[in-house]
file structure_17.csv (CSV, C-alpha atoms and all ligand atoms)
chain,number,residue,atom,x,y,z
K,1,MET,CA,1.1,-9.7,-2.8
K,2,ALA,CA,3.5,-6.9,-3.6
K,3,LYS,CA,3.9,-6.3,0.1
K,4,GLU,CA,5.4,-9.8,0.5
K,5,TYR,CA,8.5,-8.7,-1.4
K,6,ASP,CA,11.3,-6.3,-0.5
K,7,ASN,CA,12.3,-3.6,-2.8
K,8,VAL,CA,9.2,-3.7,-5.1
K,9,ILE,CA,8.9,-1.0,-7.8
K,10,ASP,CA,5.2,-0.3,-7.4
K,11,PHE,CA,3.7,1.2,-10.5
K,12,THR,CA,0.1,0.6,-9.4
K,13,LEU,CA,-0.9,3.7,-7.5
K,14,GLY,CA,-2.8,6.7,-8.8
K,15,ASP,CA,-1.3,8.6,-5.9
K,16,PRO,CA,1.5,10.9,-7.1
K,17,ASP,CA,4.8,11.2,-5.1
K,18,VAL,CA,4.9,15.0,-5.9
K,19,PRO,CA,4.0,17.3,-2.9
K,20,PRO,CA,1.5,20.1,-3.3
K,21,HIS,CA,2.8,23.6,-3.8
K,22,GLN,CA,4.3,25.1,-0.5
K,23,ALA,CA,1.6,27.9,-0.4
K,24,ILE,CA,-1.2,25.3,-0.4
K,25,LYS,CA,0.5,23.4,2.5
K,26,ASP,CA,0.9,26.7,4.3
K,27,ALA,CA,-2.7,27.6,3.9
K,28,GLY,CA,-3.7,24.2,5.4
K,29,CYS,CA,-1.3,24.7,8.4
K,30,VAL,CA,-2.5,28.3,9.0
K,31,ALA,CA,-6.1,27.0,9.0
K,32,ILE,CA,-5.3,24.4,11.6
K,33,GLN,CA,-3.3,26.9,13.8
K,34,THR,CA,-6.0,29.5,13.7
K,35,GLY,CA,-8.7,27.2,14.8
K,36,LYS,CA,-10.4,26.6,11.5
K,37,THR,CA,-10.9,23.0,12.4
K,38,ARG,CA,-14.6,22.7,13.0
K,39,TYR,CA,-17.5,21.7,10.7
K,40,SER,CA,-18.4,23.8,7.7
K,41,GLN,CA,-21.8,24.0,6.0
K,42,ASN,CA,-22.7,20.6,4.4
K,43,ALA,CA,-22.2,22.0,0.9
K,44,GLY,CA,-18.8,23.3,1.9
K,45,LEU,CA,-17.5,26.8,2.8
K,46,LEU,CA,-19.2,29.4,0.7
K,47,ASP,CA,-15.9,31.1,0.0
K,48,LEU,CA,-14.6,27.8,-1.5
K,49,ARG,CA,-17.7,27.3,-3.6
K,50,LYS,CA,-17.3,30.9,-4.9
K,51,THR,CA,-13.7,30.2,-5.7
K,52,ILE,CA,-14.7,27.0,-7.6
K,53,SER,CA,-17.4,29.0,-9.4
K,54,ASN,CA,-14.8,31.7,-10.4
K,55,TYR,CA,-12.3,29.0,-11.4
K,56,TYR,CA,-14.8,27.4,-13.8
K,57,VAL,CA,-15.7,30.8,-15.4
K,58,LYS,CA,-12.1,31.6,-15.8
K,59,THR,CA,-10.8,28.3,-17.1
K,60,GLU,CA,-13.9,26.9,-19.0
K,61,GLY,CA,-16.2,29.8,-19.4
K,62,LEU,CA,-18.8,27.8,-17.5
K,63,PRO,CA,-21.0,29.8,-15.0
K,64,TYR,CA,-22.2,27.7,-12.0
K,65,ASP,CA,-24.0,29.4,-9.1
K,66,ALA,CA,-21.9,29.0,-5.8
K,67,PHE,CA,-25.1,28.9,-3.7
K,68,ASN,CA,-27.1,26.3,-5.6
K,69,GLU,CA,-25.1,24.5,-8.1
K,70,ILE,CA,-21.9,23.5,-6.4
K,71,ILE,CA,-21.1,21.1,-3.5
K,72,VAL,CA,-17.7,20.4,-1.9
K,73,THR,CA,-17.2,16.7,-1.2
K,74,VAL,CA,-14.7,14.3,0.4
K,75,GLY,CA,-12.7,13.8,-2.8
K,76,ALA,CA,-14.3,13.0,-6.2
K,77,MET,CA,-15.1,9.6,-4.7
K,78,GLU,CA,-17.7,11.0,-2.3
K,79,GLY,CA,-18.9,13.3,-5.1
K,80,LEU,CA,-19.5,10.4,-7.3
K,81,TYR,CA,-21.2,8.4,-4.6
K,82,LEU,CA,-23.5,11.2,-3.4
K,83,ALA,CA,-24.4,12.0,-7.1
K,84,LEU,CA,-25.4,8.4,-7.7
K,85,LEU,CA,-27.3,8.2,-4.4
K,86,SER,CA,-29.2,11.3,-5.3
K,87,ILE,CA,-30.3,10.2,-8.8
K,88,LEU,CA,-30.8,6.4,-8.5
K,89,ASN,CA,-33.7,4.3,-7.5
K,90,PRO,CA,-33.2,0.6,-6.7
K,91,ASN,CA,-32.9,-1.4,-9.9
K,92,ASP,CA,-32.1,1.6,-12.1
K,93,GLU,CA,-29.4,0.9,-14.7
K,94,VAL,CA,-26.2,2.9,-15.1
K,95,ILE,CA,-24.1,2.4,-18.2
K,96,ILE,CA,-20.4,2.3,-17.7
K,97,PRO,CA,-18.3,2.1,-20.8
K,98,ALA,CA,-14.9,0.2,-20.6
K,99,PRO,CA,-12.2,0.9,-19.9
K,100,TYR,CA,-13.7,2.1,-16.7
K,101,TYR,CA,-12.6,3.1,-13.2
K,102,VAL,CA,-13.6,0.0,-11.2
K,103,ASN,CA,-15.1,2.0,-8.3
K,104,TYR,CA,-18.0,3.2,-10.5
K,105,VAL,CA,-19.3,-0.4,-10.6
K,106,GLN,CA,-19.1,-0.8,-6.9
K,107,MET,CA,-20.7,2.6,-6.1
K,108,VAL,CA,-23.7,1.8,-8.4
K,109,GLN,CA,-24.1,-1.5,-6.6
K,110,MET,CA,-23.9,0.3,-3.2
K,111,CYS,CA,-27.0,2.3,-4.4
K,112,HIS,CA,-28.8,-1.0,-5.1
K,113,ALA,CA,-28.8,-0.1,-8.8
K,114,LYS,CA,-27.4,-2.2,-11.7
K,115,PRO,CA,-24.1,-1.3,-13.4
K,116,VAL,CA,-24.3,-2.2,-17.1
K,117,ILE,CA,-20.8,-2.4,-18.4
K,118,VAL,CA,-20.3,-1.8,-22.1
K,119,ASP,CA,-17.2,-3.7,-23.0
K,120,ASN,CA,-16.7,-5.0,-26.4
K,121,PRO,CA,-13.7,-7.4,-26.6
K,122,LYS,CA,-13.5,-6.8,-30.4
K,123,ILE,CA,-12.4,-3.2,-29.6
K,124,LYS,CA,-8.6,-3.4,-29.1
K,125,ASP,CA,-7.8,0.3,-28.8
K,126,LEU,CA,-9.0,1.1,-25.3
K,127,SER,CA,-12.0,3.1,-26.5
K,128,PHE,CA,-15.7,2.4,-26.7
K,129,ASN,CA,-18.3,2.3,-29.5
K,130,ILE,CA,-21.4,4.5,-29.5
K,131,ASN,CA,-23.5,1.8,-31.1
K,132,ASP,CA,-22.6,-0.6,-28.2
K,133,ILE,CA,-23.8,2.1,-25.8
K,134,GLU,CA,-27.1,2.6,-27.6
K,135,LYS,CA,-27.7,-1.1,-27.6
K,136,ALA,CA,-27.2,-1.2,-23.9
K,137,ILE,CA,-29.9,1.4,-23.2
K,138,THR,CA,-33.2,0.0,-21.8
K,139,ASP,CA,-36.2,1.7,-20.2
K,140,LYS,CA,-34.5,1.3,-16.8
K,141,THR,CA,-31.3,3.2,-17.9
K,142,LYS,CA,-31.0,6.3,-15.7
K,143,ALA,CA,-27.5,7.5,-16.3
K,144,ILE,CA,-24.1,6.9,-18.0
K,145,ILE,CA,-20.8,7.5,-16.4
K,146,ILE,CA,-17.9,8.8,-18.6
K,147,ASN,CA,-14.4,9.5,-17.6
K,148,THR,CA,-12.4,11.8,-19.7
K,149,PRO,CA,-9.4,12.1,-19.7
K,150,SER,CA,-9.6,8.4,-18.9
K,151,ASN,CA,-8.0,6.3,-16.1
K,152,PRO,CA,-6.6,3.9,-17.3
K,153,SER,CA,-6.3,4.8,-21.0
K,154,GLY,CA,-4.9,8.3,-20.7
K,155,ARG,CA,-7.2,9.2,-23.6
K,156,ILE,CA,-9.6,12.0,-24.1
K,157,ILE,CA,-13.0,11.3,-25.6
K,158,SER,CA,-13.1,12.9,-29.1
K,159,ILE,CA,-15.4,15.8,-29.8
K,160,GLU,CA,-17.3,13.7,-32.4
K,161,LYS,CA,-17.9,10.9,-29.9
K,162,MET,CA,-18.9,13.4,-27.2
K,163,ASP,CA,-21.5,15.0,-29.5
K,164,ALA,CA,-22.8,11.5,-30.3
K,165,LEU,CA,-23.0,10.7,-26.6
K,166,ALA,CA,-24.9,14.0,-25.9
K,167,THR,CA,-27.3,13.1,-28.7
K,168,LEU,CA,-28.0,9.7,-27.1
K,169,ALA,CA,-28.4,11.2,-23.7
K,170,LYS,CA,-31.0,13.7,-24.9
K,171,LYS,CA,-32.8,11.1,-27.1
K,172,HIS,CA,-33.1,8.6,-24.2
K,173,ASP,CA,-33.4,11.2,-21.4
K,174,LEU,CA,-30.3,10.1,-19.5
K,175,ILE,CA,-28.2,11.9,-17.0
K,176,VAL,CA,-24.4,12.0,-17.8
K,177,ILE,CA,-22.0,11.9,-14.9
K,178,SER,CA,-18.7,13.2,-16.3
K,179,ASP,CA,-15.7,12.4,-14.1
K,180,GLU,CA,-13.1,15.0,-15.2
K,181,VAL,CA,-10.5,14.6,-12.4
K,182,TYR,CA,-7.7,14.4,-14.9
K,183,LYS,CA,-8.6,17.3,-17.1
K,184,SER,CA,-5.8,19.5,-15.8
K,185,LEU,CA,-3.2,16.7,-16.7
K,186,ILE,CA,-3.3,17.1,-20.5
K,187,TYR,CA,-0.1,17.1,-22.5
K,188,ASP,CA,1.0,18.6,-25.9
K,189,GLY,CA,-1.8,21.1,-26.1
K,190,VAL,CA,-4.5,18.5,-26.8
K,191,ILE,CA,-7.9,20.1,-26.6
K,192,PHE,CA,-10.3,18.9,-23.9
K,193,ARG,CA,-14.0,19.6,-24.1
K,194,SER,CA,-16.5,18.7,-21.5
K,195,ILE,CA,-19.8,17.1,-22.5
K,196,VAL,CA,-21.6,19.8,-20.5
K,197,THR,CA,-20.7,22.3,-23.3
K,198,CYS,CA,-22.7,20.3,-25.9
K,199,ASP,CA,-26.1,21.8,-26.7
K,200,GLY,CA,-28.8,21.0,-24.2
K,201,MET,CA,-26.5,19.1,-21.8
K,202,ARG,CA,-26.1,21.5,-18.9
K,203,GLU,CA,-29.4,20.4,-17.4
K,204,ARG,CA,-28.5,16.7,-17.6
K,205,THR,CA,-24.8,16.7,-16.7
K,206,ILE,CA,-23.2,16.2,-13.3
K,207,LEU,CA,-19.6,17.3,-13.4
K,208,ILE,CA,-17.2,15.6,-11.0
K,209,ASN,CA,-13.8,17.1,-10.2
K,210,SER,CA,-11.3,17.2,-7.4
K,211,LEU,CA,-7.9,18.6,-6.2
K,212,SER,CA,-6.4,15.2,-5.8
K,213,LYS,CA,-4.7,14.9,-9.2
K,214,GLU,CA,-4.6,18.6,-10.3
K,215,PHE,CA,-2.7,19.8,-7.3
K,216,CYS,CA,-1.4,16.4,-6.0
K,217,MET,CA,-3.6,16.6,-3.0
K,218,THR,CA,-4.9,13.0,-2.8
K,219,GLY,CA,-4.9,12.8,1.0
K,220,TRP,CA,-6.4,16.2,1.6
K,221,ARG,CA,-9.8,14.7,0.4
K,222,ILE,CA,-11.3,17.7,-1.5
K,223,GLY,CA,-13.5,17.1,-4.4
K,224,TYR,CA,-16.5,19.1,-5.8
K,225,VAL,CA,-19.5,18.6,-8.0
K,226,LEU,CA,-21.2,21.1,-10.4
K,227,ALA,CA,-24.7,20.2,-11.4
K,228,PRO,CA,-28.3,21.5,-11.6
K,229,GLU,CA,-29.8,22.8,-8.4
K,230,GLU,CA,-32.1,19.8,-7.7
K,231,VAL,CA,-29.1,17.4,-7.8
K,232,ILE,CA,-26.9,19.6,-5.6
K,233,SER,CA,-29.8,20.1,-3.1
K,234,ALA,CA,-30.3,16.3,-2.8
K,235,MET,CA,-26.6,15.7,-2.5
K,236,THR,CA,-26.3,18.3,0.2
K,237,LYS,CA,-29.0,16.6,2.3
K,238,LEU,CA,-27.2,13.2,1.8
K,239,GLN,CA,-23.9,14.8,2.8
K,240,GLU,CA,-25.3,15.7,6.2
K,241,ASN,CA,-25.6,11.9,6.8
K,242,VAL,CA,-22.5,10.7,5.1
K,243,ALA,CA,-19.6,12.9,6.1
K,244,ALA,CA,-21.2,16.2,7.3
K,245,CYS,CA,-18.7,18.1,5.3
K,246,ALA,CA,-15.2,17.9,3.7
K,247,PRO,CA,-12.3,18.5,6.1
K,248,LEU,CA,-12.2,22.2,6.9
K,249,PRO,CA,-8.4,22.9,6.9
K,250,SER,CA,-8.3,21.2,3.5
K,251,GLN,CA,-11.1,23.4,2.3
K,252,TYR,CA,-9.0,26.5,3.2
K,253,ALA,CA,-6.0,25.0,1.4
K,254,ALA,CA,-8.3,24.4,-1.6
K,255,ILE,CA,-9.3,28.1,-1.7
K,256,GLU,CA,-5.6,28.9,-2.0
K,257,ALA,CA,-5.0,26.2,-4.7
K,258,LEU,CA,-7.9,27.1,-6.9
K,259,SER,CA,-7.4,30.9,-6.6
K,260,LYS,CA,-4.0,30.5,-8.2
K,261,GLY,CA,-4.7,27.4,-10.4
K,262,LYS,CA,-2.0,26.8,-13.0
K,263,GLU,CA,0.5,28.9,-11.1
K,264,TYR,CA,0.6,26.0,-8.6
K,265,SER,CA,0.0,23.1,-10.9
K,266,ALA,CA,2.1,23.8,-14.0
K,267,GLY,CA,5.3,22.5,-12.3
K,268,MET,CA,3.7,19.2,-11.7
K,269,LEU,CA,2.6,18.9,-15.3
K,270,GLU,CA,6.2,19.3,-16.4
K,271,ILE,CA,7.3,16.5,-14.1
K,272,PHE,CA,4.6,14.1,-15.4
K,273,LEU,CA,5.3,15.0,-19.0
K,274,HIS,CA,9.0,14.2,-18.5
K,275,ARG,CA,8.2,10.9,-16.8
K,276,ARG,CA,5.6,10.0,-19.5
K,277,ASN,CA,8.2,10.6,-22.3
K,278,LEU,CA,10.8,8.5,-20.4
K,279,LEU,CA,8.4,5.6,-20.0
K,280,VAL,CA,6.9,5.6,-23.5
K,281,GLU,CA,10.4,5.6,-25.0
K,282,GLY,CA,11.5,2.9,-22.5
K,283,ILE,CA,8.6,0.6,-23.2
K,284,LYS,CA,8.7,1.0,-26.9
K,285,SER,CA,12.4,-0.1,-26.8
K,286,ILE,CA,11.6,-3.4,-25.2
K,287,SER,CA,10.8,-6.2,-27.6
K,288,LEU,CA,7.3,-7.7,-27.3
K,289,LEU,CA,6.0,-4.6,-25.6
K,290,ASP,CA,4.3,-1.6,-27.1
K,291,CYS,CA,2.2,1.4,-26.1
K,292,SER,CA,0.7,4.5,-27.5
K,293,CYS,CA,1.5,7.8,-25.9
K,294,PRO,CA,-1.1,8.9,-23.3
K,295,GLU,CA,-2.6,12.3,-24.1
K,296,ALA,CA,-3.3,12.9,-20.5
K,297,THR,CA,-3.2,11.5,-16.9
K,298,PHE,CA,-0.3,9.8,-15.3
K,299,TYR,CA,-1.1,6.3,-16.6
K,300,LEU,CA,0.3,4.3,-19.4
K,301,MET,CA,-1.3,1.2,-20.9
K,302,VAL,CA,1.3,-1.3,-22.0
K,303,ASP,CA,0.3,-3.7,-24.8
K,304,ILE,CA,1.5,-7.1,-23.8
K,305,SER,CA,-0.3,-9.1,-26.5
K,306,LYS,CA,3.0,-10.3,-28.2
K,307,THR,CA,4.1,-12.0,-25.0
K,308,GLY,CA,1.3,-14.5,-25.3
K,309,MET,CA,0.2,-13.8,-21.7
K,310,LYS,CA,-3.0,-12.3,-20.5
K,311,SER,CA,-2.8,-9.4,-18.1
K,312,GLU,CA,-3.2,-11.2,-14.8
K,313,GLN,CA,-0.6,-13.8,-15.6
K,314,PHE,CA,1.8,-11.1,-16.9
K,315,ALA,CA,1.4,-9.0,-13.7
K,316,LEU,CA,1.8,-12.0,-11.4
K,317,GLU,CA,4.9,-13.3,-13.2
K,318,LEU,CA,6.5,-9.8,-13.3
K,319,LEU,CA,6.0,-9.3,-9.6
K,320,LYS,CA,7.3,-12.8,-8.7
K,321,ARG,CA,10.3,-12.8,-10.9
K,322,ASN,CA,11.4,-9.2,-11.0
K,323,GLN,CA,9.5,-7.4,-8.2
K,324,VAL,CA,7.6,-4.9,-10.3
K,325,ALA,CA,3.9,-4.3,-9.5
K,326,VAL,CA,1.6,-3.3,-12.4
K,327,VAL,CA,-2.2,-3.4,-12.7
K,328,PRO,CA,-3.6,-6.2,-14.9
K,329,GLY,CA,-5.8,-4.6,-17.7
K,330,ILE,CA,-8.6,-7.0,-17.0
K,331,THR,CA,-9.4,-4.8,-13.9
K,332,TYR,CA,-10.7,-2.1,-16.4
K,333,GLY,CA,-12.7,-4.5,-18.6
K,334,LYS,CA,-12.4,-7.6,-20.7
K,335,SER,CA,-11.3,-5.6,-23.7
K,336,CYS,CA,-8.2,-4.5,-21.7
K,337,ASP,CA,-6.9,-8.0,-21.1
K,338,ASN,CA,-4.0,-7.5,-23.4
K,339,TYR,CA,-2.7,-4.6,-21.4
K,340,VAL,CA,-1.2,-3.7,-18.0
K,341,ARG,CA,-1.4,-0.3,-16.5
K,342,ILE,CA,1.7,1.6,-15.3
K,343,ALA,CA,1.2,4.7,-13.2
K,344,PHE,CA,4.1,7.2,-13.5
K,345,THR,CA,3.5,8.5,-9.9
K,346,LEU,CA,7.1,7.4,-9.0
K,347,ASN,CA,10.3,9.4,-9.4
K,348,GLU,CA,12.6,9.2,-12.4
K,349,GLU,CA,15.1,6.9,-10.6
K,350,LYS,CA,12.4,4.4,-9.7
K,351,ILE,CA,10.9,4.6,-13.2
K,352,LYS,CA,14.4,3.8,-14.7
K,353,GLU,CA,14.8,0.9,-12.3
K,354,GLY,CA,11.3,-0.4,-13.1
K,355,LEU,CA,12.0,-0.2,-16.9
K,356,LYS,CA,15.3,-2.1,-16.3
K,357,ARG,CA,13.5,-4.9,-14.5
K,358,ILE,CA,10.7,-5.1,-17.0
K,359,ARG,CA,13.3,-5.4,-19.8
K,360,LEU,CA,15.0,-8.2,-17.9
K,361,PHE,CA,11.7,-10.0,-17.3
K,362,ILE,CA,10.9,-9.9,-21.1
K,363,GLU,CA,14.4,-11.0,-22.0
K,364,THR,CA,14.2,-14.0,-19.7
K,365,LEU,CA,10.7,-15.2,-20.8
K,401,LIG,C1,-11.2,8.3,-12.6
K,401,LIG,C2,-11.0,8.6,-11.2
K,401,LIG,N1,-12.1,9.2,-10.6
K,401,LIG,C3,-12.0,9.6,-9.3
K,401,LIG,C4,-10.9,9.3,-8.5
K,401,LIG,C5,-11.0,9.6,-7.1
K,401,LIG,O1,-10.4,10.8,-6.8
K,401,LIG,P1,-10.4,11.5,-5.4
K,401,LIG,O2,-9.1,11.4,-4.8
K,401,LIG,O3,-10.7,13.0,-5.7
K,401,LIG,O4,-11.5,10.9,-4.6
K,401,LIG,C6,-9.8,8.6,-9.1
K,401,LIG,C7,-8.7,8.3,-8.3
K,401,LIG,O5,-7.7,7.6,-8.7
K,401,LIG,C8,-9.9,8.3,-10.5
K,401,LIG,O6,-8.9,7.7,-11.1
call {"tool": "encode", "arguments": {"input": "structure_17.csv", "output": "structure tokens", "more": "lines below"}}
Ligand SMILES: Cc1ncc(COP(=O)(O)O)c(C=O)c1O
result
Amino acid sequence: MAKEYDNVIDFTLGDPDVPPHQAIKDAGCVAIQTGKTRYSQNAGLLDLRKTISNYYVKTEGLPYDAFNEIIVTVGAMEGLYLALLSILNPNDEVIIPAPYYVNYVQMVQMCHAKPVIVDNPKIKDLSFNINDIEKAITDKTKAIIINTPSNPSGRIISIEKMDALATLAKKHDLIVISDEVYKSLIYDGVIFRSIVTCDGMRERTILINSLSKEFCMTGWRIGYVLAPEEVISAMTKLQENVAACAPLPSQYAAIEALSKGKEYSAGMLEIFLHRRNLLVEGIKSISLLDCSCPEATFYLMVDISKTGMKSEQFALELLKRNQVAVVPGITYGKSCDNYVRIAFTLNEEKIKEGLKRIRLFIETL
């Protein structure tokens, strides 16, 4: 619908307008110009897997073996899909706590398994309840997918909740797929801890990550998965039939990106931090709207409950009347229907214009 209007401020995309660091682009161009344009091994270039392995030791203190415990994928999306394909049998159940990234549901369905969404409308603060998760576990439950920091909430799962999830996973023999694609976009020194670091979790955790958000490389399509050897081995066989490998020039660019890490991504974090502060301040100053400050990611959930509208109606009216596109919270679960999601993947000028239009929309309700 947004495409039917001219001059829309589009706050819907998780696709940042910030370009990757010049050295990363150069590495991709050099790869193309020097003929590094063929297939790689299904699991990805060994040099890239070694770089990922070193990166995790350096940044998280987590040792993963480059030969057996890492695969390079076509973005985190393909990593998630291959991981699910490799562990699920038809009719297995996968628990997905709300708010959730909608693709998880569809990917589980594509594996002929059943997504079990844990979404308690009584919970108003964009988090989930451990008791609700335990109640959803049956003898068919194979896995649970968590996303921390979360798209859309911008929150990090607390250490206490993470420990409780780990205890549940061990008690019920579940695999945890932990989607951590936003873990480099954390503000104000908030501490992030992966579930894989909880006691006894390494053997049952599949870590999903990518360069899309960390280095603003969405279209380069490089993701990776760290997991026990049996999972990576199954994923590698599936990769042969799905994509053969991730694009080779992008794999060379990824080696450059991950070998420098923060040196190339810190500038982006600064940009997003500035935009986040601008948006939070702007939304809080508009009557009837509220938000809490996201700890991470480039998403802000705006509380619209005082407008009396539900999220879909709010989004449609805002688009029709003032040409601002936002995502209705219902997309992420019923408990999010009092919210709309704004992505601060647009420049400051557009953010200011968007805020101006949202203010006008509210004032003329
Ligand atoms: C939570 C989450 N996981 C995975 C992805 C996919 O990332 P990639 O570009 O690496 O496939 C996204 C993209 O928006 C996301 O928000």
call {"tool": "residues_near_ligand", "arguments": {"input": "structure_17.csv", "ligand": "ligand LIG 401 (chain K)", "cutoff": "6 Å", "atoms": "only C-alpha atoms and all ligand atoms", "output": "PyMOL selection string"}}
result
chain K and resi 14+75-77+101+151+179+181+210+212+218+223
call {"tool": "closest_atom_pairs", "arguments": {"input": "structure_17.csv", "of": "stretch 69-120 of chain K", "to": "stretch 165-177 of chain K", "cutoff": "9 Å", "atoms": "all atoms listed in the file", "output": "tab-separated table"}}
result
residue	atom	partner	partner_atom	distance
K:Leu80	CA	K:Ile177	CA	8.1
K:Ala83	CA	K:Ile177	CA	8.2
K:Leu84	CA	K:Ile177	CA	8.7
K:Ile87	CA	K:Ile175	CA	8.6
call {"tool": "closest_residue", "arguments": {"input": "structure_17.csv", "among": "K:Val326, K:Ile271, K:Ile144, K:Ile195", "to": "K:Pro19", "atoms": "all atoms listed in the file"}}
result
K:Ile271
call {"tool": "closest_atom_pairs", "arguments": {"input": "structure_17.csv", "of": "stretch 149-257 of chain K", "to": "stretch 29-52 of chain K", "cutoff": "6 Å", "atoms": "all atoms listed in the file", "output": "JSON lines"}}
result
{"residue": "K:Thr236", "atom": "CA", "partner": "K:Ala43", "partner_atom": "CA", "distance": 5.6}
{"residue": "K:Glu240", "atom": "CA", "partner": "K:Asn42", "partner_atom": "CA", "distance": 5.8}
{"residue": "K:Ala244", "atom": "CA", "partner": "K:Asn42", "partner_atom": "CA", "distance": 5.5}
{"residue": "K:Cys245", "atom": "CA", "partner": "K:Asn42", "partner_atom": "CA", "distance": 4.8}
{"residue": "K:Leu248", "atom": "CA", "partner": "K:Thr37", "partner_atom": "CA", "distance": 5.7}
{"residue": "K:Pro249", "atom": "CA", "partner": "K:Ala31", "partner_atom": "CA", "distance": 5.1}
{"residue": "K:Ile255", "atom": "CA", "partner": "K:Leu48", "partner_atom": "CA", "distance": 5.3}
call {"tool": "atom_distance", "arguments": {"input": "structure_17.csv", "atom1": "atom CA of K:Ile232", "atom2": "atom CA of K:Lys260"}}
result
25.5 Å
